[in-house]
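Structure file model_38.txt (compact mmCIF, C-alpha atoms and all ligand atoms) follows.
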```txt
# COMPACT_ATOMS: atom_id res chain seq x y z
CA MET A 1 0.00 0.00 0.00
CA GLU A 2 1.34 3.42 -0.92
CA ASN A 3 2.09 6.04 1.69
CA VAL A 4 1.43 9.63 0.69
CA VAL A 5 3.27 11.00 3.71
CA GLU A 6 6.35 9.50 5.28
CA LEU A 7 8.04 11.00 8.29
CA ILE A 8 11.17 9.00 8.96
CA ASN A 9 12.88 9.39 12.30
CA VAL A 10 11.89 13.06 12.47
CA SER A 11 13.00 15.22 15.41
CA LYS A 12 12.53 18.87 16.23
CA LYS A 13 13.64 20.65 19.35
CA PHE A 14 12.20 23.83 20.85
CA LYS A 15 13.03 25.29 24.22
CA GLY A 16 11.05 23.12 26.62
CA PHE A 17 9.53 20.82 24.00
CA SER A 18 10.69 18.37 21.40
CA ILE A 19 9.34 16.01 18.77
CA LYS A 20 11.28 12.81 19.25
CA ASN A 21 12.15 10.41 16.42
CA ILE A 22 8.73 10.23 14.86
CA ASP A 23 8.03 7.58 12.23
CA LEU A 24 4.66 8.26 10.72
CA HIS A 25 3.19 6.93 7.50
CA VAL A 26 -0.09 8.16 6.05
CA LYS A 27 -1.80 5.67 3.75
CA GLN A 28 -3.23 6.70 0.42
CA GLY A 29 -6.99 6.58 0.01
CA PHE A 30 -7.82 6.68 3.72
CA VAL A 31 -8.71 9.12 6.48
CA THR A 32 -6.13 9.32 9.24
CA GLY A 33 -7.02 11.12 12.46
CA PHE A 34 -4.13 12.65 14.36
CA ILE A 35 -4.94 12.81 18.06
CA GLY A 36 -3.13 14.13 21.10
CA ALA A 37 -3.71 16.45 24.05
CA ASN A 38 -3.09 20.19 23.91
CA GLY A 39 0.58 20.83 23.32
CA ALA A 40 1.35 17.21 22.34
CA GLY A 41 2.98 18.31 19.09
CA LYS A 42 0.23 17.91 16.48
CA SER A 43 0.60 21.33 14.84
CA THR A 44 4.39 21.10 14.92
CA THR A 45 4.24 17.74 13.13
CA ILE A 46 1.78 19.07 10.55
CA LYS A 47 4.00 22.11 9.93
CA MET A 48 6.88 19.76 9.17
CA MET A 49 4.66 17.83 6.74
CA MET A 50 3.88 21.13 5.02
CA ASN A 51 7.51 22.29 5.01
CA LEU A 52 6.54 25.31 7.11
CA LEU A 53 9.05 24.06 9.65
CA ARG A 54 12.26 22.14 8.99
CA PRO A 55 13.03 19.13 11.17
CA ASP A 56 16.38 19.09 13.00
CA ALA A 57 16.84 15.50 11.92
CA GLY A 58 15.06 12.86 9.86
CA GLU A 59 13.31 12.81 6.50
CA VAL A 60 9.96 14.14 5.33
CA LYS A 61 8.56 12.74 2.09
CA LEU A 62 5.28 13.44 0.36
CA PHE A 63 4.15 11.26 -2.53
CA GLY A 64 7.63 9.73 -2.30
CA LEU A 65 9.24 13.13 -3.03
CA ASP A 66 11.30 15.42 -0.83
CA TYR A 67 10.80 19.14 -0.41
CA GLN A 68 14.39 20.06 -1.29
CA THR A 69 13.89 19.32 -4.97
CA ASN A 70 10.13 18.99 -5.41
CA GLU A 71 8.48 21.67 -3.30
CA LYS A 72 6.26 23.07 -6.04
CA ASP A 73 5.07 19.66 -7.25
CA ILE A 74 4.27 18.58 -3.71
CA LYS A 75 2.39 21.77 -2.83
CA GLU A 76 0.28 21.44 -6.00
CA ARG A 77 -0.98 18.11 -4.75
CA ILE A 78 -1.80 19.18 -1.19
CA GLY A 79 -4.75 21.17 0.11
CA PHE A 80 -3.95 22.67 3.49
CA VAL A 81 -6.98 23.65 5.52
CA TYR A 82 -6.24 25.85 8.50
CA ASP A 83 -8.26 26.32 11.62
CA SER A 84 -8.11 30.06 11.28
CA ASN A 85 -8.19 32.65 8.59
CA VAL A 86 -4.92 32.80 6.69
CA PHE A 87 -6.19 34.98 3.89
CA PHE A 88 -5.95 38.72 3.86
CA GLU A 89 -8.87 39.73 5.98
CA GLY A 90 -10.03 42.64 3.90
CA LEU A 91 -10.33 40.57 0.71
CA ASN A 92 -13.40 38.78 -0.53
CA LEU A 93 -13.47 35.27 -1.94
CA LYS A 94 -13.48 36.45 -5.54
CA ASP A 95 -10.23 38.41 -4.98
CA ILE A 96 -8.66 35.53 -3.12
CA LYS A 97 -9.49 33.18 -5.96
CA ARG A 98 -7.90 35.59 -8.41
CA ILE A 99 -4.68 35.54 -6.37
CA VAL A 100 -4.59 31.83 -5.60
CA ALA A 101 -5.80 30.25 -8.87
CA PRO A 102 -2.75 31.07 -11.06
CA ALA A 103 -0.50 29.33 -8.55
CA TYR A 104 -2.05 25.96 -9.42
CA ARG A 105 -1.70 24.15 -12.73
CA ARG A 106 -4.82 22.12 -12.07
CA TRP A 107 -7.05 24.96 -10.85
CA ASP A 108 -10.67 24.24 -11.82
CA ASP A 109 -12.81 27.35 -11.91
CA THR A 110 -16.06 25.49 -12.52
CA LEU A 111 -15.44 23.28 -9.54
CA PHE A 112 -14.61 26.31 -7.39
CA HIS A 113 -17.95 27.91 -8.22
CA GLN A 114 -19.74 24.63 -7.55
CA TYR A 115 -18.23 24.44 -4.06
CA VAL A 116 -18.92 28.11 -3.37
CA GLU A 117 -22.56 27.41 -4.18
CA LYS A 118 -22.67 24.15 -2.25
CA PHE A 119 -21.12 25.79 0.81
CA GLU A 120 -23.34 28.85 0.41
CA LEU A 121 -20.38 31.22 0.52
CA PRO A 122 -20.73 34.85 -0.55
CA LEU A 123 -18.18 35.83 -3.20
CA ASN A 124 -18.31 39.55 -2.62
CA LYS A 125 -18.25 39.85 1.16
CA SER A 126 -14.92 40.41 2.87
CA ILE A 127 -13.51 37.34 4.60
CA LYS A 128 -13.35 39.17 7.91
CA THR A 129 -17.15 39.00 8.08
CA PHE A 130 -17.09 35.18 7.73
CA SER A 131 -17.84 32.97 10.72
CA LYS A 132 -15.24 30.36 11.66
CA GLY A 133 -17.28 27.70 9.89
CA MET A 134 -17.49 29.79 6.72
CA GLN A 135 -13.73 30.40 6.81
CA MET A 136 -13.18 26.67 7.08
CA LYS A 137 -15.48 26.08 4.12
CA ALA A 138 -13.71 28.77 2.07
CA SER A 139 -10.36 27.19 2.80
CA LEU A 140 -11.72 23.76 1.86
CA ALA A 141 -13.32 25.05 -1.36
CA ILE A 142 -9.92 26.36 -2.47
CA ALA A 143 -8.16 23.11 -1.57
CA LEU A 144 -10.70 21.07 -3.52
CA SER A 145 -10.66 23.34 -6.54
CA HIS A 146 -7.07 22.55 -7.36
CA HIS A 147 -7.80 18.82 -7.17
CA ALA A 148 -5.66 18.24 -4.10
CA GLU A 149 -4.93 14.54 -3.66
CA LEU A 150 -4.00 14.99 -0.03
CA ILE A 151 -5.98 17.20 2.31
CA ILE A 152 -4.21 18.15 5.52
CA MET A 153 -6.26 19.89 8.17
CA ASP A 154 -5.15 21.23 11.50
CA GLU A 155 -8.03 21.05 13.98
CA PRO A 156 -10.74 21.57 11.36
CA THR A 157 -13.59 20.96 13.79
CA ALA A 158 -12.32 23.01 16.75
CA GLY A 159 -14.65 25.83 17.63
CA LEU A 160 -17.39 24.70 15.27
CA ASP A 161 -20.91 24.09 16.47
CA PRO A 162 -22.06 20.43 16.55
CA ILE A 163 -24.30 20.77 13.52
CA PHE A 164 -21.63 22.32 11.36
CA ARG A 165 -19.12 19.75 12.62
CA ARG A 166 -21.37 16.96 11.48
CA GLU A 167 -21.89 18.64 8.15
CA LEU A 168 -18.14 18.99 7.66
CA LEU A 169 -17.52 15.36 8.59
CA GLY A 170 -20.27 14.29 6.19
CA LEU A 171 -18.63 16.31 3.47
CA LEU A 172 -15.23 14.75 4.14
CA GLN A 173 -16.85 11.33 3.94
CA GLU A 174 -18.34 12.27 0.58
CA LEU A 175 -14.94 13.39 -0.67
CA MET A 176 -13.49 9.98 0.11
CA LEU A 177 -15.99 8.11 -2.05
CA ASP A 178 -13.98 8.20 -5.27
CA GLY A 179 -11.11 6.41 -3.50
CA THR A 180 -8.30 8.65 -4.75
CA ARG A 181 -8.09 11.20 -1.95
CA THR A 182 -6.29 11.02 1.33
CA ILE A 183 -7.24 13.04 4.37
CA PHE A 184 -5.03 13.68 7.38
CA PHE A 185 -6.45 15.78 10.16
CA SER A 186 -5.63 16.61 13.73
CA THR A 187 -8.23 16.90 16.43
CA HIS A 188 -8.73 16.51 20.10
CA ILE A 189 -12.43 15.87 19.62
CA THR A 190 -12.01 12.13 19.38
CA THR A 191 -15.69 11.40 18.77
CA ASP A 192 -15.31 13.00 15.33
CA LEU A 193 -13.03 10.15 14.41
CA ASP A 194 -15.47 7.36 15.22
CA ARG A 195 -17.46 8.59 12.25
CA ILE A 196 -14.83 8.84 9.58
CA ALA A 197 -11.29 7.75 10.46
CA ASP A 198 -9.72 4.58 9.07
CA TYR A 199 -6.39 5.07 10.85
CA ILE A 200 -5.44 6.79 14.08
CA ALA A 201 -2.07 8.29 14.89
CA PHE A 202 -1.64 9.23 18.53
CA ILE A 203 1.04 11.63 19.71
CA GLN A 204 1.90 12.40 23.30
CA ARG A 205 4.58 14.74 24.61
CA GLY A 206 6.24 14.80 21.20
CA GLU A 207 6.34 11.02 20.83
CA LEU A 208 4.21 8.88 18.57
CA VAL A 209 2.46 6.37 20.81
CA PHE A 210 0.90 4.45 17.93
CA SER A 211 -0.30 4.73 14.37
CA LYS A 212 -2.70 1.96 13.43
CA SER A 213 -6.05 1.11 11.90
CA ILE A 214 -9.12 1.85 13.96
CA HIS A 215 -9.84 -1.87 13.83
CA ASP A 216 -6.48 -2.68 15.44
CA VAL A 217 -6.99 0.02 18.08
CA THR A 218 -10.30 -1.61 19.02
CA GLU A 219 -8.69 -5.07 19.10
CA ASP A 220 -5.57 -4.13 21.06
CA TYR A 221 -6.91 -1.75 23.69
CA ALA A 222 -9.52 -2.39 26.37
CA LEU A 223 -10.65 -1.11 29.72
CA VAL A 224 -10.28 -3.74 32.40
CA LYS A 225 -12.13 -3.75 35.72
CA GLY A 226 -11.53 -6.04 38.65
CA ARG A 227 -10.77 -6.51 42.34
CA ILE A 228 -7.73 -4.80 43.82
CA ASP A 229 -6.33 -8.07 45.20
CA LEU A 230 -5.79 -9.32 41.62
CA LEU A 231 -3.06 -6.72 41.16
CA ASP A 232 0.58 -7.28 41.93
CA ARG A 233 3.86 -6.19 40.38
CA ASP A 234 3.66 -8.90 37.70
CA THR A 235 0.01 -8.72 36.74
CA GLU A 236 0.14 -4.92 36.53
CA LYS A 237 2.60 -5.18 33.64
CA ALA A 238 -0.37 -5.98 31.40
CA PHE A 239 -1.60 -2.41 31.80
CA VAL A 240 -0.68 1.00 30.43
CA HIS A 241 -2.00 2.61 33.58
CA VAL A 242 -4.12 1.56 36.57
CA HIS A 243 -6.61 3.60 38.58
CA ARG A 244 -7.28 2.21 42.02
CA ALA A 245 -10.46 2.85 44.01
CA PRO A 246 -11.69 1.26 47.25
CA THR A 247 -14.22 -0.74 45.24
CA GLY A 248 -11.74 -2.10 42.68
CA PHE A 249 -9.41 -1.11 39.90
CA GLU A 250 -9.94 0.15 36.38
CA ALA A 251 -7.07 0.00 33.93
CA LEU A 252 -6.19 0.34 30.28
CA THR A 253 -4.45 -2.52 28.54
CA ASP A 254 -2.74 -2.49 25.16
CA ASN A 255 -2.62 -6.27 25.13
CA THR A 256 -6.03 -7.87 25.48
CA THR A 257 -4.64 -11.37 24.82
CA GLU A 258 -2.24 -11.11 27.74
CA VAL A 259 -5.02 -9.88 30.04
CA LYS A 260 -7.17 -12.87 29.12
CA GLU A 261 -4.25 -15.23 29.82
CA ILE A 262 -3.41 -13.67 33.18
CA PHE A 263 -6.86 -12.91 34.57
CA GLY A 264 -9.22 -15.25 32.72
CA ASP A 265 -12.79 -14.34 33.61
CA THR A 266 -11.95 -12.78 36.98
CA VAL A 267 -11.97 -9.35 35.32
CA VAL A 268 -14.39 -7.52 33.06
CA MET A 269 -13.13 -6.12 29.75
CA GLU A 270 -14.84 -3.30 27.92
CA ARG A 271 -14.14 -1.46 24.71
CA ALA A 272 -11.84 1.53 25.29
CA SER A 273 -12.80 4.72 23.47
CA LEU A 274 -10.09 6.93 21.97
CA GLU A 275 -10.79 9.33 24.81
CA ASP A 276 -10.19 6.54 27.37
CA ILE A 277 -6.92 5.70 25.62
CA MET A 278 -5.72 9.32 25.65
CA TYR A 279 -6.75 9.74 29.27
CA TYR A 280 -4.96 6.64 30.53
CA PHE A 281 -1.82 7.32 28.54
CA LYS A 282 -1.65 10.77 30.04
CA GLY A 283 -1.78 9.34 33.53
CA GLY A 284 0.63 6.52 33.01
CA ILE A 285 4.04 5.54 31.87
CA HIS A 286 4.04 3.97 28.47
CA HIS A 287 5.76 0.60 28.42
CA VAL A 288 5.91 -1.45 25.23
N1 LIG A 301 8.02 28.03 17.23
C1 LIG A 301 8.00 27.52 18.47
N2 LIG A 301 8.94 27.86 19.37
C2 LIG A 301 8.95 27.33 20.61
N3 LIG A 301 8.04 26.43 21.06
C3 LIG A 301 7.08 26.06 20.20
C4 LIG A 301 7.00 26.59 18.87
N4 LIG A 301 5.93 26.02 18.25
C5 LIG A 301 5.36 25.19 19.17
N5 LIG A 301 6.05 25.21 20.33
C6 LIG A 301 5.75 24.43 21.55
O1 LIG A 301 5.67 23.07 21.18
C7 LIG A 301 4.66 22.40 21.94
C8 LIG A 301 3.73 21.68 21.00
O2 LIG A 301 2.94 22.60 20.30
P1 LIG A 301 1.93 22.18 19.15
O3 LIG A 301 1.26 23.43 18.71
O4 LIG A 301 2.63 21.37 18.15
O5 LIG A 301 0.89 21.25 19.95
P2 LIG A 301 -0.55 20.73 19.54
O6 LIG A 301 -0.57 19.27 19.81
O7 LIG A 301 -0.88 21.17 18.17
O8 LIG A 301 -1.47 21.47 20.61
P3 LIG A 301 -2.96 22.09 20.53
O9 LIG A 301 -3.90 20.92 20.48
O10 LIG A 301 -3.07 22.83 21.81
O11 LIG A 301 -3.01 22.97 19.31
C9 LIG A 301 4.00 23.46 22.79
O12 LIG A 301 4.51 23.36 24.08
C10 LIG A 301 4.38 24.76 22.14
O13 LIG A 301 4.48 25.79 23.08
```

Could you write out this file's structure as structure tokens?
Ligand SMILES: Nc1ncnc2c1ncn2[C@@H]1O[C@H](COP(=O)(O)OP(=O)(O)OP(=O)(O)O)[C@@H](O)[C@H]1O
Amino acid sequence: MENVVELINVSKKFKGFSIKNIDLHVKQGFVTGFIGANGAGKSTTIKMMMNLLRPDAGEVKLFGLDYQTNEKDIKERIGFVYDSNVFFEGLNLKDIKRIVAPAYRRWDDTLFHQYVEKFELPLNKSIKTFSKGMQMKASLAIALSHHAELIIMDEPTAGLDPIFRRELLGLLQELMLDGTRTIFFSTHITTDLDRIADYIAFIQRGELVFSKSIHDVTEDYALVKGRIDLLDRDTEKAFVHVHRAPTGFEALTDNTTEVKEIFGDTVVMERASLEDIMYYFKGGIHHV
């Protein structure tokens, strides 16, 4: 299977924060959700994918190409959708189109007008009067009008009302139907991903915890509940993190097979949501 994005052993250091040796592959034709708490490093990673930031070490490849020699070709094939307005605020959509369109070989004016109509965007009103949802739609309309194969979005659903969020997710689903597009988007609203993601990449404190199919996430992770006296130094190794309460323990495992072997039917296992997974990883030490 082809990867449209490959981050190979990528590191980036800021004062007080670093991205550490990330290996991340984004598969063509699928939706990958990029999750992580505030400050985990999602935007920094996306900026490196977009060549807005250079890694200190490691390789970044898009469509198998590197930015050093293929920047223009790569950028033609990506639609970057921001969570805030990056256009000149005083301009309207018609002016923005006039500026942006010549930069793309595959710009499709008919398609642009179709999306403007579909998204009910005014062409003559200045962008600064747009709501956050309208700005997101404008940014998406531009990305789609140059036939971007890869759509990268940084927190596209943050700050949107639930109805618009659903609408946007529905639209992204629609875009995936022809099987040629790839979508990579970061979010901390994990419930968005239950609807549309095929793969999940999870970053925490600058480290990639996992990148796998949603099916594998469901298979590998579970919440386990049982009596406190079942826990000891050995049995606890089956868990990412354990919460103890007087009535019993609740823990997250990343190895459901091992839990079944150790505890049999003395514990109860339940499906762990992405939110459960993020929560337990935050509280615990990750051992693999
Ligand atoms: N240019 C920079 N210089 C110094 N530190 C930076 C810079 N950019 C980001 N950081 C720091 O890197 C860390 C990760 O930031 P990043 O924006 O990548 O996180 P995030 O996962 O996108 O968070 P959020 O969900 O809150 O947007 C933060 O602690 C941030 O302060």

Could you work out an axis-aligned box for range 55-58 of chain A, taking every atom the file lists and adding 6 Å on each side, and report centre and edge lengths in Å to one decimal, as AutoDock Vina command-line options?
```
--center_x 14.9 --center_y 16.0 --center_z 11.4 --size_x 15.8 --size_y 18.3 --size_z 15.1
```

Task: Distance query Gly58 in chain A at most 9 Å, only C-alpha atoms, self and fewer than 3 positions along chain excluded, as a PyMOL selection string - done: chain A and resi 7-11+21-22+55

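Shortest atom-to-atom contact with ligand LIG 301 (chain A) among A:Val116, A:Leu53, A:Met134, A:Ile262: A:Leu53, counting only C-alpha atoms and all ligand atoms.
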
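Considering all atoms listed in the file, every residue of the polymer chains approaching ligand LIG 301 (chain A) to 6 Å or closer is listed here: Phe14, Lys15, Phe17, Gly36, Ala37, Asn38, Gly39, Ala40, Gly41, Lys42, Ser43 and Thr44 of chain A.
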
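Interatomic distance, CA of His146 in chain A against CA of Arg106 in chain A: 5.2 Å.
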
TODO: Tell me, as a VMD selection string, which residues lie within 8 Å of Ala238 in chain A, counting only C-alpha atoms; anything in the same chain fewer than 2 positions away does not count.
DONE: chain A and resid 235 to 236 240 253 to 255 258 to 259

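Between CA of Gln135 in chain A and CA of Gln173 in chain A the interatomic distance comes to 19.5 Å.
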
Task: Shell of 12 Å around Asp276 in chain A, only C-alpha atoms, local chain residues under 5 positions omitted, as a count of residues only - done: 20

Open item on the list: Ranking A:Gly16, A:Gly33, A:Gly90, A:Pro102 by minimum distance to Ile200 in chain A and counting all atoms listed in the file, which one comes first?
Closed with: A:Gly33

- [ ] Scan for residues within 12 Å of the point (-8.7, 12.2, 4.8) in the coordinates of the file, using all atoms listed in the file, and reply as a ChimeraX atom specification.
- [x] /A:4,26-34,78-81,148-154,156,168-177,179-186,193,196-200

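Residues in contact range of Lys260 in chain A, defined as at most 10 Å between all atoms listed in the file, with sequence neighbours fewer than 6 positions away removed, read Ala238, Thr266, Val267, Val268 and Met269 of chain A.
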
Task: Distance criterion (all atoms listed in the file): nearest to Lys97 in chain A out of A:Phe112, A:Tyr279, A:Phe202, A:Phe263 - done: A:Phe112
